[in-house]
Amino acid sequence: MRLIYLASPYSHPDRQIQEQRFQAVCQQAAEMMREGKLVFSPIAHTHPIAAYDLPGDWAFWRRYDRAMLERCDELVVLQLDGWEESIGVKAEIAIAKELNLPVRFIRPKNCLEECISRQGRGK
């Protein structure tokens, strides 16, 4: 069975938007899991851990995320508002291409997308 790496934007100066992005990617990951897919989301899996005084920048998470991408079969980008500006998402796409992984883009199918879109863009 294929392992999917689910990328999404996360960082934002407004902690509430970060939390909404976390909730949106968790909701998407759950939907994909209900469909029988194996999913790893760096945001869904590390957001609670990062609360324990870990840096939130890409420089810190790059090595970890690359190691996970190397174990995955596909990259799926959740197109939450801000995904095109996200340093992490851009880097994850570049790494996936370097590893010759297929890259797919999906739109969220819930109201969280609208809530996030109204509150601004981030990195």
# chains A, B, ... in the order shown; residues from 1 in each chain; ligands from 1
call {"tool": "select_by_dssp", "arguments": {"residues": "segment 16-76 of chain A", "states": "strand (DSSP E or B)", "output": "JSON, numbers by chain"}}
result
{"A": [38, 39, 40, 74, 75, 76]}
call {"tool": "write_last_selection", "arguments": {"atoms": "N, CA and C atoms", "output": "mmCIF file, in the first residue's frame"}}
result
data_model
loop_
_atom_site.group_PDB
_atom_site.id
_atom_site.type_symbol
_atom_site.label_atom_id
_atom_site.label_comp_id
_atom_site.auth_asym_id
_atom_site.auth_seq_id
_atom_site.Cartn_x
_atom_site.Cartn_y
_atom_site.Cartn_z
ATOM 1 N N LEU A 38 -3.057 5.341 3.477
ATOM 2 C CA LEU A 38 -2.066 5.534 4.534
ATOM 3 C C LEU A 38 -1.511 6.944 4.374
ATOM 4 N N VAL A 39 -1.647 7.760 5.413
ATOM 5 C CA VAL A 39 -1.306 9.177 5.316
ATOM 6 C C VAL A 39 -0.370 9.584 6.444
ATOM 7 N N PHE A 40 0.664 10.343 6.083
ATOM 8 C CA PHE A 40 1.509 11.018 7.063
ATOM 9 C C PHE A 40 1.402 12.511 6.794
ATOM 10 N N GLU A 74 4.242 9.261 -2.428
ATOM 11 C CA GLU A 74 3.553 10.340 -3.132
ATOM 12 C C GLU A 74 3.443 11.547 -2.212
ATOM 13 N N LEU A 75 3.469 12.743 -2.802
ATOM 14 C CA LEU A 75 3.217 13.977 -2.065
ATOM 15 C C LEU A 75 1.875 14.526 -2.512
ATOM 16 N N VAL A 76 1.010 14.817 -1.539
ATOM 17 C CA VAL A 76 -0.264 15.466 -1.817
ATOM 18 C C VAL A 76 -0.239 16.800 -1.076
#
call {"tool": "closest_atom_pairs", "arguments": {"of": "segment 84-108 of chain A", "to": "segment 44-67 of chain A", "cutoff": "10 Å", "atoms": "only C-alpha atoms", "output": "JSON lines"}}
result
{"residue": "A:Ser86", "atom": "CA", "partner": "A:Trp58", "partner_atom": "CA", "distance": 9.7}
{"residue": "A:Ile87", "atom": "CA", "partner": "A:Trp58", "partner_atom": "CA", "distance": 7.1}
{"residue": "A:Gly88", "atom": "CA", "partner": "A:Trp58", "partner_atom": "CA", "distance": 5.8}
{"residue": "A:Val89", "atom": "CA", "partner": "A:Trp58", "partner_atom": "CA", "distance": 9.5}
{"residue": "A:Ala91", "atom": "CA", "partner": "A:Arg62", "partner_atom": "CA", "distance": 8.3}
{"residue": "A:Glu92", "atom": "CA", "partner": "A:Arg66", "partner_atom": "CA", "distance": 7.5}
{"residue": "A:Ile95", "atom": "CA", "partner": "A:Arg66", "partner_atom": "CA", "distance": 7.0}
{"residue": "A:Ala96", "atom": "CA", "partner": "A:Arg66", "partner_atom": "CA", "distance": 8.7}
{"residue": "A:Leu99", "atom": "CA", "partner": "A:Arg66", "partner_atom": "CA", "distance": 9.9}
call {"tool": "atom_distance", "arguments": {"atom1": "atom CA of Gln23 of chain A", "atom2": "atom CA of Ser41 of chain A"}}
result
11.7 Å
call {"tool": "atom_distance", "arguments": {"atom1": "atom CA of Ala94 of chain A", "atom2": "atom CA of Pro13 of chain A"}}
result
24.5 Å
call {"tool": "atom_distance", "arguments": {"atom1": "atom CA of Ser11 of chain A", "atom2": "atom CA of Glu31 of chain A"}}
result
22.8 Å
call {"tool": "closest_residue", "arguments": {"among": "A:Leu80, A:Val103, A:Leu69, A:Met1", "to": "Ala24 of chain A", "atoms": "only C-alpha atoms"}}
result
A:Leu80
call {"tool": "residues_around", "arguments": {"residues": "Gln79 of chain A", "least_positions_apart": "4", "cutoff": "9 Å", "atoms": "only C-alpha atoms", "output": "list in words"}}
result
Ala7, Ser8, Pro9, Trp83, Glu84, Phe105, Ile106, Arg107, Pro108 and Glu113 of chain A
call {"tool": "select_by_dssp", "arguments": {"residues": "chain A", "states": "helix (DSSP H, G or I)", "output": "ChimeraX atom specification"}}
result
/A:15-34,42-50,58-71,87-98,111-118
call {"tool": "closest_residue", "arguments": {"among": "A:Glu19, A:Asp14, A:Glu98, A:Asp73", "to": "Lys37 of chain A", "atoms": "only C-alpha atoms"}}
result
A:Asp73
